[in-house]
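Content type compact mmCIF, C-alpha atoms, from the file protein08.txt:
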```
# COMPACT_ATOMS: atom_id res chain seq x y z
CA MET A 1 268.87 273.50 47.18
CA THR A 2 268.60 270.41 49.37
CA LEU A 3 264.86 270.85 49.73
CA SER A 4 264.26 271.20 46.01
CA TYR A 5 266.50 268.23 45.14
CA ALA A 6 264.94 265.98 47.78
CA ASP A 7 261.51 267.06 46.63
CA ALA A 8 262.33 266.35 42.96
CA ILE A 9 263.85 262.94 43.55
CA ILE A 10 260.95 261.59 45.61
CA ARG A 11 258.19 262.87 43.31
CA HIS A 12 257.46 260.27 40.63
CA PHE A 13 260.41 258.31 42.01
CA ARG A 14 260.54 255.65 39.29
CA GLU A 15 260.80 258.27 36.58
CA ASN A 16 262.93 260.87 38.37
CA GLY A 17 265.15 258.97 40.78
CA LEU A 18 267.82 257.38 38.60
CA LYS A 19 267.48 260.10 35.95
CA LEU A 20 268.54 262.74 38.47
CA LEU A 21 271.30 260.54 39.84
CA LEU A 22 272.75 259.80 36.40
CA GLN A 23 272.93 263.48 35.52
CA HIS A 24 276.04 263.65 37.71
CA PRO A 25 279.10 263.04 35.50
CA ALA A 26 280.70 260.59 37.94
CA HIS A 27 277.57 258.45 38.09
CA ALA A 28 277.18 258.39 34.30
CA ARG A 29 280.79 257.25 34.11
CA ASP A 30 280.13 254.56 36.75
CA LEU A 31 277.23 253.19 34.69
CA LEU A 32 279.29 252.90 31.50
CA THR A 33 282.12 251.28 33.45
CA LEU A 34 279.67 248.79 34.92
CA GLY A 35 278.46 248.06 31.39
CA ARG A 36 282.10 247.41 30.32
CA TYR A 37 282.13 250.08 27.66
CA ASP A 38 285.54 249.99 25.99
CA HIS A 39 285.96 253.73 25.44
CA VAL A 40 284.93 255.22 28.79
CA GLY A 41 288.29 256.98 29.00
CA ALA A 42 287.62 258.84 25.74
CA ILE A 43 284.53 260.60 27.11
CA ASP A 44 285.02 263.96 28.83
CA PHE A 45 282.40 263.58 31.54
CA ARG A 46 283.45 266.85 33.19
CA ARG A 47 281.96 268.76 30.25
CA MET A 48 278.86 266.59 30.01
CA THR A 49 275.53 268.38 29.52
CA VAL A 50 271.92 267.27 29.89
CA ASP A 51 269.43 267.41 27.01
CA PRO A 52 265.94 267.64 28.61
CA THR A 53 264.25 265.90 25.67
CA THR A 54 262.47 262.61 26.37
CA TYR A 55 261.62 260.10 23.66
CA VAL A 56 259.65 257.53 25.66
CA ALA A 57 255.98 257.45 24.66
CA ALA A 58 253.52 258.56 27.34
CA ASP A 59 251.96 255.10 27.71
CA TYR A 60 255.36 253.60 28.63
CA ARG A 61 256.42 256.21 31.19
CA HIS A 62 255.06 254.22 34.13
CA VAL A 63 257.70 251.53 33.44
CA SER A 64 260.39 253.41 31.49
CA ALA A 65 262.38 256.62 31.71
CA ASP A 66 265.12 258.00 29.48
CA LEU A 67 268.00 260.42 29.84
CA VAL A 68 269.86 262.19 27.03
CA LEU A 69 273.40 263.35 27.78
CA LYS A 70 275.98 264.99 25.53
CA ALA A 71 279.73 264.94 26.07
CA PRO A 72 282.97 265.58 24.15
CA PHE A 73 284.65 262.44 22.84
CA ARG A 74 288.36 262.15 22.11
CA GLY A 75 289.01 260.24 18.90
CA ARG A 76 292.32 258.95 17.62
CA GLN A 77 295.43 260.85 18.61
CA GLY A 78 295.71 264.06 16.64
CA ARG A 79 292.00 264.17 15.78
CA ARG A 80 289.86 266.97 17.20
CA ARG A 81 287.19 266.17 19.75
CA ARG A 82 283.71 265.28 18.64
CA THR A 83 280.43 265.29 20.55
CA ILE A 84 278.60 262.06 21.32
CA THR A 85 275.14 261.49 22.77
CA LEU A 86 274.58 259.04 25.59
CA TYR A 87 271.02 257.76 25.38
CA ILE A 88 270.18 255.98 28.65
CA LEU A 89 266.93 254.01 28.80
CA ILE A 90 265.93 252.99 32.34
CA GLU A 91 263.57 250.02 32.38
CA HIS A 92 261.61 249.31 35.57
CA GLN A 93 259.27 246.57 34.35
CA SER A 94 259.58 243.40 36.40
CA GLU A 95 260.15 241.09 33.41
CA PRO A 96 262.14 241.21 30.14
CA ASP A 97 260.54 242.90 27.14
CA ALA A 98 260.82 240.80 23.99
CA ILE A 99 260.54 243.83 21.69
CA MET A 100 262.90 246.07 23.64
CA LEU A 101 265.41 246.30 20.79
CA LEU A 102 262.68 247.57 18.46
CA ARG A 103 261.80 250.28 20.98
CA VAL A 104 265.45 251.29 21.33
CA LEU A 105 265.74 251.53 17.55
CA GLU A 106 262.71 253.84 17.48
CA TYR A 107 264.26 256.11 20.11
CA LEU A 108 267.62 256.19 18.32
CA VAL A 109 265.97 257.20 15.05
CA GLN A 110 264.22 260.03 16.92
CA VAL A 111 267.56 261.20 18.35
CA TYR A 112 269.16 261.21 14.90
CA LYS A 113 266.19 263.05 13.39
CA ALA A 114 266.45 265.65 16.15
CA GLN A 115 270.09 266.17 15.18
CA LEU A 116 269.05 266.73 11.57
CA ARG A 117 266.33 269.21 12.53
CA ALA A 118 268.79 271.17 14.68
CA TRP A 119 271.29 271.29 11.79
CA GLU A 120 268.64 272.47 9.33
CA ARG A 121 267.52 275.23 11.71
CA ARG A 122 271.09 276.51 11.94
CA HIS A 123 272.11 276.08 8.28
CA GLY A 124 268.87 276.24 6.31
CA SER A 125 269.35 272.86 4.61
CA ALA A 126 270.76 269.36 5.14
CA ALA A 127 273.87 270.12 3.08
CA GLY A 128 277.01 269.10 4.95
CA PHE A 129 275.08 267.31 7.70
CA ARG A 130 276.85 264.57 9.63
CA LEU A 131 275.30 262.38 12.29
CA GLU A 132 276.76 262.59 15.78
CA PRO A 133 277.39 259.15 17.32
CA VAL A 134 274.82 257.90 19.83
CA LEU A 135 275.71 255.37 22.52
CA PRO A 136 272.50 253.60 23.63
CA VAL A 137 272.47 252.20 27.17
CA VAL A 138 269.69 250.06 28.63
CA LEU A 139 269.59 249.81 32.44
CA TYR A 140 267.19 247.08 33.55
CA THR A 141 266.18 247.24 37.22
CA GLY A 142 263.63 244.41 37.30
CA THR A 143 263.90 241.18 39.25
CA THR A 144 263.64 238.51 36.52
CA ALA A 145 266.83 237.36 34.80
CA TRP A 146 267.40 238.91 31.36
CA GLU A 147 270.52 237.68 29.63
CA SER A 148 270.50 239.69 26.39
CA LEU A 149 268.52 242.17 24.32
CA GLY A 150 268.98 239.87 21.33
CA ARG A 151 268.96 241.01 17.69
CA LEU A 152 266.28 242.46 15.46
CA ILE A 153 266.50 239.47 13.14
CA ASP A 154 265.55 237.27 16.11
CA LEU A 155 262.13 238.97 16.01
CA MET A 156 261.67 238.35 12.30
CA ASP A 157 260.36 235.41 10.32
CA LEU A 158 263.18 234.16 8.08
CA GLY A 159 265.36 236.66 9.87
CA GLU A 160 268.71 235.11 8.95
CA LEU A 161 267.84 235.39 5.26
CA PHE A 162 267.39 239.15 5.69
CA ALA A 163 270.34 239.89 7.94
CA ASP A 164 272.02 242.06 5.31
CA VAL A 165 269.05 244.44 5.09
CA THR A 166 268.08 244.51 8.79
CA PRO A 167 269.56 247.09 11.21
CA ALA A 168 272.13 245.46 13.47
CA PHE A 169 273.24 247.23 16.64
CA ARG A 170 274.08 246.23 20.20
CA PRO A 171 273.20 248.67 22.98
CA LEU A 172 275.18 248.63 26.18
CA PHE A 173 273.06 246.46 28.48
CA VAL A 174 273.25 246.62 32.28
CA ALA A 175 270.88 244.11 33.89
CA LEU A 176 270.80 244.23 37.69
CA PRO A 177 269.64 240.61 38.22
CA ALA A 178 272.77 239.37 36.44
CA LEU A 179 275.19 241.38 38.60
CA SER A 180 276.36 240.17 41.99
CA GLY A 181 276.86 242.48 44.93
CA ALA A 182 280.62 242.02 44.61
CA GLU A 183 280.53 243.08 40.94
CA LEU A 184 278.40 246.13 41.67
CA GLU A 185 280.69 247.24 44.48
CA SER A 186 283.97 246.63 42.65
CA ALA A 187 283.10 247.77 39.10
CA GLY A 188 280.27 250.26 39.57
CA GLY A 189 281.87 252.91 41.75
CA GLU A 190 279.56 254.72 44.19
CA LEU A 191 276.65 254.22 41.77
CA GLY A 192 277.21 250.46 41.98
CA TRP A 193 276.64 250.50 45.74
CA ILE A 194 273.34 252.33 45.26
CA LEU A 195 272.30 249.89 42.52
CA GLU A 196 273.08 247.02 44.88
CA LEU A 197 270.69 248.59 47.38
CA MET A 198 268.07 248.89 44.64
CA LYS A 199 268.57 245.24 43.70
CA GLN A 200 268.03 244.19 47.34
CA ARG A 201 265.11 246.58 47.97
CA ARG A 202 262.72 243.68 48.71
CA GLU A 203 265.00 241.90 51.18
CA ARG A 204 263.98 241.07 54.73
CA PRO A 205 264.11 244.10 57.07
CA GLU A 206 267.16 242.94 59.01
CA ASP A 207 269.14 242.15 55.83
CA PHE A 208 268.15 245.45 54.24
CA ARG A 209 269.20 247.39 57.35
CA THR A 210 272.60 245.68 57.30
CA LEU A 211 273.12 246.63 53.66
CA VAL A 212 271.99 250.22 54.27
CA THR A 213 274.58 250.56 57.05
CA ARG A 214 277.33 249.25 54.75
CA VAL A 215 276.32 251.53 51.86
CA VAL A 216 276.16 254.67 54.02
CA ALA A 217 279.53 253.82 55.60
CA HIS A 218 281.06 253.41 52.14
CA LEU A 219 279.64 256.73 50.92
CA GLU A 220 281.21 258.43 53.92
CA GLY A 221 284.48 257.99 52.04
CA LEU A 222 283.47 260.80 49.68
CA SER A 223 285.43 263.92 50.53
CA ALA A 224 284.03 267.31 51.53
CA ALA A 225 284.79 268.48 47.98
CA GLU A 226 282.27 265.87 46.76
CA TRP A 227 279.48 267.13 49.00
CA GLY A 228 277.09 267.49 46.07
CA ARG A 229 277.65 263.92 44.96
CA TRP A 230 277.21 262.62 48.51
CA ARG A 231 273.97 264.58 48.86
CA ASP A 232 272.62 263.18 45.57
CA LEU A 233 273.39 259.60 46.60
CA LEU A 234 271.92 259.97 50.10
CA SER A 235 268.82 261.65 48.64
CA TYR A 236 268.32 258.67 46.35
CA LEU A 237 268.90 256.22 49.21
CA LEU A 238 266.29 257.95 51.38
CA ALA A 239 263.82 258.16 48.50
CA LEU A 240 264.24 254.45 47.83
CA VAL A 241 263.49 253.74 51.49
CA TYR A 242 260.29 255.79 51.39
CA HIS A 243 259.23 254.37 48.04
CA ASP A 244 260.09 250.68 48.33
CA ARG A 245 260.02 249.81 52.03
CA ALA A 246 257.01 249.43 54.32
CA ALA A 247 255.81 252.60 56.05
CA SER A 248 256.51 250.97 59.41
CA GLU A 249 260.24 250.90 58.54
CA HIS A 250 260.62 254.49 57.35
CA GLU A 251 261.40 256.25 60.61
CA GLY A 252 263.74 253.54 61.86
CA LEU A 253 265.68 253.47 58.59
CA ARG A 254 265.97 257.26 58.52
CA GLU A 255 267.39 257.19 62.05
CA LEU A 256 269.76 254.35 61.07
CA ILE A 257 271.05 256.35 58.09
CA ALA A 258 271.59 259.47 60.20
CA ALA A 259 273.36 257.44 62.89
CA SER A 260 275.65 255.87 60.26
CA VAL A 261 276.82 259.32 59.13
CA ARG A 262 279.81 260.59 61.07
CA SER A 263 279.80 264.38 60.70
CA ASP A 264 277.24 266.62 62.38
CA ASP A 265 276.68 268.60 59.17
CA ARG A 266 275.85 265.47 57.20
CA GLN A 267 273.61 264.15 59.96
CA ARG A 268 271.62 267.39 59.90
CA GLU A 269 271.42 267.15 56.11
CA VAL A 270 270.00 263.63 56.32
CA GLN A 271 267.41 264.69 58.89
CA VAL A 272 266.24 267.62 56.74
CA MET A 273 266.08 265.48 53.59
CA GLY A 274 264.21 262.72 55.40
CA LYS A 275 261.59 265.07 56.83
CA THR A 276 261.11 266.73 53.46
CA MET A 277 260.62 263.39 51.76
CA ALA A 278 258.19 262.21 54.43
CA GLU A 279 256.02 265.26 53.77
CA VAL A 280 256.18 264.75 50.00
CA VAL A 281 255.40 261.03 50.33
CA ARG A 282 252.24 261.82 52.30
CA GLU A 283 251.17 264.35 49.68
CA GLU A 284 251.99 262.04 46.79
CA GLY A 285 250.21 259.17 48.51
CA ARG A 286 246.99 261.15 48.58
CA LYS A 287 247.37 262.01 44.88
CA GLU A 288 248.22 258.42 43.92
CA GLU A 289 245.17 257.11 45.76
CA ALA A 290 242.93 259.58 43.90
CA VAL A 291 244.44 258.51 40.57
CA ARG A 292 244.34 254.79 41.33
CA SER A 293 240.72 254.85 42.44
CA ARG A 294 239.68 256.64 39.23
CA GLN A 295 241.67 254.19 37.10
CA ASP A 296 239.99 251.23 38.82
CA ILE A 297 236.49 252.71 38.48
CA LEU A 298 237.06 253.61 34.82
CA LEU A 299 238.27 250.12 33.92
CA ARG A 300 235.40 248.51 35.81
CA LEU A 301 232.84 250.69 34.01
CA LEU A 302 234.46 250.06 30.63
CA ARG A 303 234.32 246.29 31.15
CA GLY A 304 230.71 246.57 32.26
CA ARG A 305 229.76 248.67 29.23
CA PHE A 306 231.90 247.16 26.46
CA ARG A 307 232.79 243.78 28.05
CA LYS A 308 236.35 243.56 26.71
CA VAL A 309 239.00 246.24 27.20
CA PRO A 310 242.08 245.89 24.94
CA LYS A 311 245.44 245.76 26.70
CA GLU A 312 246.55 248.91 24.89
CA VAL A 313 243.62 250.86 26.35
CA GLU A 314 244.26 249.51 29.86
CA ARG A 315 247.93 250.44 29.54
CA VAL A 316 247.05 254.02 28.60
CA ILE A 317 244.67 254.31 31.55
CA ARG A 318 247.22 252.91 34.00
CA ALA A 319 249.86 255.30 32.65
CA THR A 320 247.60 258.35 33.04
CA GLY A 321 248.25 260.25 36.26
CA ASP A 322 246.20 263.33 35.42
CA VAL A 323 243.04 263.32 37.55
CA ALA A 324 241.27 265.80 35.24
CA ARG A 325 241.96 263.58 32.21
CA LEU A 326 240.62 260.50 34.00
CA ASP A 327 237.55 262.45 35.14
CA GLY A 328 236.96 263.52 31.53
CA TRP A 329 236.80 259.89 30.41
CA LEU A 330 234.50 259.03 33.32
CA ASP A 331 232.17 261.89 32.39
CA VAL A 332 231.53 260.59 28.85
CA ILE A 333 231.47 256.83 29.39
CA LEU A 334 227.66 256.66 29.53
CA THR A 335 227.11 258.87 26.48
CA VAL A 336 229.36 257.24 23.86
CA ASP A 337 228.31 254.43 21.53
CA SER A 338 231.64 252.59 21.30
CA LEU A 339 234.95 252.23 23.07
CA SER A 340 236.72 254.03 20.22
CA ASP A 341 234.51 257.08 20.87
CA MET A 342 236.16 257.37 24.30
CA ALA A 343 239.37 258.47 22.53
CA ILE A 344 241.54 256.87 25.19
CA VAL A 345 244.94 257.60 23.70
CA PRO A 346 248.29 258.57 25.25
CA ALA A 347 248.69 262.25 26.11
CA GLU A 348 251.02 264.13 23.80
```
I need this file expressed as C-alpha cells, please.
Amino acid sequence: MTLSYADAIIRHFRENGLKLLLQHPAHARDLLTLGRYDHVGAIDFRRMTVDPTTYVAADYRHVSADLVLKAPFRGRQGRRRRTITLYILIEHQSEPDAIMLLRVLEYLVQVYKAQLRAWERRHGSAAGFRLEPVLPVVLYTGTTAWESLGRLIDLMDLGELFADVTPAFRPLFVALPALSGAELESAGGELGWILELMKQRRERPEDFRTLVTRVVAHLEGLSAAEWGRWRDLLSYLLALVYHDRAASEHEGLRELIAASVRSDDRQREVQVMGKTMAEVVREEGRKEEAVRSRQDILLRLLRGRFRKVPKEVERVIRATGDVARLDGWLDVILTVDSLSDMAIVPAE
C-alpha cells in the first residue's frame, strides 16, 4: 500500500498531490476550518466519500485540479440529514486569475447538471428533483497576493445595473499568500503545517530544512491509530521535496526527515517511501523531458510556418502530456494549409 500511495502522489504531483491528501476526512475538515466555514461542525466527515469525476477542462489541468467529495450534513435540530457536495478547486497558477469566478460557476453548473442526470437515470424523469447543496472551495497555492475572487458583476459592463439578474455566490477562498505561518499552524490542523511547507517551498535551503524539521516533529504527535494519516502527510512532504527542491538537496532532506522521526517503524517507512519516489522521479523526469522537447519543437515549427500562434493553441500544447498526440501534430505540420487544419484542441 505504501508503494502504491507514494507512487501515486509523486506522479503528476501538481494534479495528484493535494487531491490525494484532501481525500482524507481530517484534511478536508482542516481546509474548511482554515477557510472559516461557519458550518464545519454540521458535516459528517467520517462518512465522506470521493466522487472521481473531474470538471476541469483538459487545457487547464496543468495549473488546476479539482476534487469532488460528498458528505452527510446535519440541518436544523429535528431535521433529517442531507447530503452536500464539497467541490474543491486547487489552483497552482502563480498569479490571480481575473475570470476565476466565471470558471467556478461553470464547474458548479456541471455538478448540478450531473445531479439531475443521476436523478433522471434512477427515476425516469425530473419530477420531484431537488438540487443537493454544493459548497465550492478555491485553494490558491500561488505566490502572488490575491485578496478576493470578486463578484461576477465586477466582470461586467454596467454590472451594478444588472445585479438582480446576475448570479451572485461567494466560494470559500483559501489563499496561501495571505496566510501567515502562525495562522496555518493554529487554524489549519495538520494540513495547515503541510500548507505552510508548500508556501515556503522556495525558501533558502537552511530555512527550508529548519521548517521541515519542525513540521516532521509536529506530525510525530499523531498517534499510532492515525498511522494512515501520518503516512499520507509524510508522503506529500517527501513528494514536495522531490518536486520543488533542487536535486542536490533531495538525499540530504530525505535523511533529515528520517532522522526527525522517532520510531524505527516510521523511519523505515520514510526510507521506503523516499526510495520509491526517487525512482519515480527519475522515470517521470525522462518522460517530462520527452514531452517538453516535443512541445518546444512544435511551437517553434508552428511559429516558423504560420508566424503567429494564438495563446489558446499554445496553452493546449503546453497542457498536452501525451507523446503520441504531440508526435501526431508534428507529423502533419508540413502538410496542412492552415493552423486550423492542425486541429490542436484539448483532449476529451
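Closest to Ile10 of chain A among A:Ile194, A:Ala259, A:Val281, A:Val316 is A:Val281, based on all atoms listed in the file.
Each of A:Arg29, A:Val309, A:Ile257, A:Leu34 was compared to Thr210 of chain A using all atoms listed in the file, and A:Ile257 turns out to be the nearest.
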Interface rows for segment 169-234 of chain A against segment 21-24 of chain A: nearest pair, Å to one decimal, 8 Å, only C-alpha atoms, as CSV:
```
residue,atom,partner,partner_atom,distance
A:Arg229,CA,A:His24,CA,7.4
A:Asp232,CA,A:Leu21,CA,6.4
A:Leu233,CA,A:Leu21,CA,7.1
```
For C-alpha atoms, I'd like the residues from the last selection saved as a short mmCIF file (atom, residue, chain, number, x, y, z; two decimals), keeping the file's coordinate frame.
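This is the output file again.cif:
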```cif
data_model
loop_
_atom_site.label_atom_id
_atom_site.label_comp_id
_atom_site.auth_asym_id
_atom_site.auth_seq_id
_atom_site.Cartn_x
_atom_site.Cartn_y
_atom_site.Cartn_z
CA ARG A 229 277.65 263.92 44.96
CA ASP A 232 272.62 263.18 45.57
CA LEU A 233 273.39 259.60 46.60
#
```
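Compared by their closest atoms to Arg214 of chain A, and using only C-alpha atoms, the residues A:Ala145, A:Val261, A:Leu240, A:Leu20 rank with A:Val261 nearest.
Of the residues listed (A:Pro346, A:Gly321, A:Gly35, A:Gly41), A:Gly35 shows the shortest atom-to-atom separation from Phe173 of chain A; distances use all atoms listed in the file.
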Query raised in the report: In Å to one decimal, how far is atom CA of Thr53 of chain A from atom CA of Asp66 of chain A?
Result: 8.8 Å
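Distances to Pro171 of chain A were evaluated for A:Val40, A:Val68, A:Val291, A:Leu101 using only C-alpha atoms, and the minimum falls at A:Leu101.
Among the candidates A:Val134, A:Arg170, A:Arg14, A:Val215, the one nearest to Gly150 of chain A when counting all atoms listed in the file is A:Arg170.
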Query raised in the report: What is the distance, in Å and to one decimal place, between atom CA of Pro72 of chain A and atom CA of Met48 of chain A?
Result: 7.2 Å
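Rounded to one decimal, atom CA of Asp59 of chain A and atom CA of Ile153 of chain A lie 25.8 Å from each other.
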Query - Spatial neighbours of Asp327 of chain A, max dist 12 Å, only C-alpha atoms, sep filter under 5 positions, as number ranges by chain - result: A: 290-295, 297-298, 317, 320-322, 332-333
Write a file of the just-selected residues containing C-alpha atoms, as a PDB file, in the coordinates of the input.
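again_21.pdb, freshly written:
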```pdb
ATOM      1  CA  ALA A 290     242.930 259.580  43.900  1.00  0.00           C
ATOM      2  CA  VAL A 291     244.440 258.510  40.570  1.00  0.00           C
ATOM      3  CA  ARG A 292     244.340 254.790  41.330  1.00  0.00           C
ATOM      4  CA  SER A 293     240.720 254.850  42.440  1.00  0.00           C
ATOM      5  CA  ARG A 294     239.680 256.640  39.230  1.00  0.00           C
ATOM      6  CA  GLN A 295     241.670 254.190  37.100  1.00  0.00           C
ATOM      7  CA  ILE A 297     236.490 252.710  38.480  1.00  0.00           C
ATOM      8  CA  LEU A 298     237.060 253.610  34.820  1.00  0.00           C
ATOM      9  CA  ILE A 317     244.670 254.310  31.550  1.00  0.00           C
ATOM     10  CA  THR A 320     247.600 258.350  33.040  1.00  0.00           C
ATOM     11  CA  GLY A 321     248.250 260.250  36.260  1.00  0.00           C
ATOM     12  CA  ASP A 322     246.200 263.330  35.420  1.00  0.00           C
ATOM     13  CA  VAL A 332     231.530 260.590  28.850  1.00  0.00           C
ATOM     14  CA  ILE A 333     231.470 256.830  29.390  1.00  0.00           C
TER      15      ILE A 333
END
```
**Report entry** All residues 10 Å or closer to Trp230 of chain A, all atoms listed in the file, same chain fewer than 6 positions away omitted, as a list in words
**Finding:** Glu190, Val216, Leu219, Glu220, Gly221, Leu222, Ser223, Ala224, Tyr236 and Arg266 of chain A
Query raised in the report: Could you pull the residues within 12 Å of Thr54 of chain A, counting all atoms listed in the file, minus those fewer than 3 positions along the same chain, as a PyMOL selection string?
Result: chain A and resi 15+19+50-51+57-58+60-61+64-69+87-90+107-108+110-111+114+348
